[in-house]
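Step one of this worksheet: look at the structure below.
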Amino acid sequence: MKLTREEVREVAYLSRIEMTDEELDRMTGQLGAILDYADMLNELDIEGVEPTSHVIPMKNVMREDVVKESCGVEKALMNAPDRFGDFFRVPKVIDEGEGH
Amino acid sequence: MELCTKTASELIGMLRAGEIDPIDIVDSTFKRINDKEPDVKAFIVTLEEGARARAEELKDADRSLPLYGIPVAVKDNMCMRGAQTTCGSKILTPYEPPYDATVVEKLKAAGAVIVGKTNMDEFAMGSSCEWSAHHPTRNPWDLERAPGGSSGGSAAAVAACECSMSLGSDTGGSIRQPASLCGVVGMKPTYGAVSRYGLVAFASSLDQIGPFARDVRDCAMLLDVICGHDPKDSTSIDREPPDHVAALDAGAEGMTIGMIKDLFGEGVEPGVRERVSDAAGVFEKMGAKIKQIEMPIVKYALPAYYLIAPAEASSNLARYDGVQYGMREDADDIVSMYRKTRRAGFGSEVKRRIMLGTYALSAGYYDAYYLRALKVRTLIVKEFEKAFSECDILMSPTSPSTAFKLNEKIDDPLAMYMMDICTIPVNLAGLPGMSIPCGLSDGLPVGLQLIGPTLGEQALLRAARAFEIGSGICGMIPGEKTD
């Protein structure tokens, strides 16, 4: 599978990272080389093998449903780049952005 | 001999005997930091004022605390109140966490003195510390060379005696590889043995915090302090942790140690191969049996890792969006703000991994890349299980080479990834692994990797300690006589 610059442009958009055409070109070459290397995995027979997403057997971990102390509004907002009262303030969200 | 060059266990003996006070160690440590730091640059920030206040406080505290008065450094991806946590990234500059990571809480409760936050590759992605947004760190053995990474600052700080011990994190080798390149002891415990609460997430199914020290005993002491179940980390293992220090002196007599033949082949420097082969002889001298083990699957761990880890990272790093913390680039609408912030805030290696992960998880490629890699992960887990049915522990080089020159691999991502070829299989299988110094090659340290079965830390430490005794290689300090 050959990675194209248009595919990389789409991946950059999905990743929410702005890139210039020059950066896209470089990234296309680098990601292509890594994916070519990953094609090595096709040498293995994985028929009937279950995937492992986690090595330890995971169960849902529950705690008692009781109210505990939480960090509080001031601490939660102390690193906010922009705030309005007790809220995080962001630019308008209606438009889809610059498009891609 | 200056206090800062002593091991933690030596310092603890002197402190308990009342020969010295914590402030004496702080004085010696910061004298050393002021002397070495302009060259080594192991730290992103040093915390002298806090360390001095802490030493004062400790003067009248209980001297039997396990790390009473010991200077410890913490990798900059672990949260600590009152100090910045940048994770080596511009996007978290500035960020001041409102809470302590569990490991930081445990260090404080154990009487440790935290002396600073150490440098790292951005978001722990890298093998040289050159991807730090702040500055590269230099290897104390040769300032023209890299300390390894991503926990290069933690390894270099211990090697340069700027602290007695330190914490790092290891997702694909980020503790063991820099430990190897800097000639110190480093351990990645079993996945789930140490709480990850307050560790900035990179690849959550692989990340694990672990200790660096100048000898095996100190490594065990620090592990005893940080391990254990934590209700705040649902992946931490719920069990009573063993006493690792107590396990140290059992010797290697009667152990079967498997040499992974597949990790001694192509790409491994001759000097590294020789030192690690010599190590097998030391184990035999100490009464262990060496067995050659074939694990042809381990060579597939690296490509599997470079799909799995970036996939998890692409999801974990979605939180850096300029909304709740960290830097923001202004824009008129929110999507443009995200894109500009992430463009300016992330370095090129982090961008590469986020995009690789996004691609591997995207519709149409999920089965071919991500799912296939998870299935290969199963094969790797099984191959280790088979090896441990025949051996108590396994051995290999930690890194295929000794410390490489700064800028040597920075423009070639795959060449940099190859530095973790021996360490990555261990993370994929969730096993404990450690690197201990096993001698020098052309004046640079070589690391021996020991790998244990799940929760086999005691067996690793016992073998590692036996190696120190059998080889006489223990507590190497750059620029001083080594034998």
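Chain labels run A, B, ... following the order of the structure tokens; each chain numbers its residues from 1, and ligands are numbered from 1 in the order shown.
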| field | Contacts of segment 21-34 of chain A at 9 Å (only C-alpha atoms; same-chain gap of 3+ positions) as JSON, numbers by chain | value | {"A": [1, 2, 3, 4, 5, 6, 7, 8, 9, 12, 37, 38, 39], "B": [303, 306, 352, 353, 355, 356, 412, 413, 414]}
| message | Based on only C-alpha atoms, which of the residues in chain A come within 9 Å of chain B? I want them as a ChimeraX atom specification. | response | /A:7-8,11-19,27,30-31,33-35,37-42,44,46,49-56,58,60-63,71,75-82,88-98
| message | Based on the backbone DSSP call, show me all residues of segment 7-209 of chain B assigned alpha helix (DSSP H), as a PyMOL selection string. | response | chain B and resi 8-16+22-40+48-58+102-109+152-159+176-182
| How far is it from atom CA of Val184 of chain B to atom CA of Arg214 of chain B, in Å with one decimal? |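 Distance reported for this atom pair: 5.1 Å.
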Just want the 8 Å neighbourhood of Thr171 of chain B, counted on only C-alpha atoms, with same-chain residues fewer than 6 positions away dropped. Output as a short mmCIF file (atom, residue, chain, number, x, y, z; two decimals) with C-alpha atoms, in the first residue's frame.
```
data_model
loop_
_atom_site.label_atom_id
_atom_site.label_comp_id
_atom_site.auth_asym_id
_atom_site.auth_seq_id
_atom_site.Cartn_x
_atom_site.Cartn_y
_atom_site.Cartn_z
CA ALA B 124 8.39 10.04 26.42
CA PHE B 202 1.62 7.94 26.44
CA ALA B 203 0.50 4.35 25.63
CA LEU B 206 2.49 -0.31 28.01
CA ASP B 207 3.52 2.59 30.30
CA GLN B 208 5.13 1.70 33.62
CA ILE B 424 10.16 -3.46 23.35
CA ASN B 427 6.60 -4.09 27.30
#
```
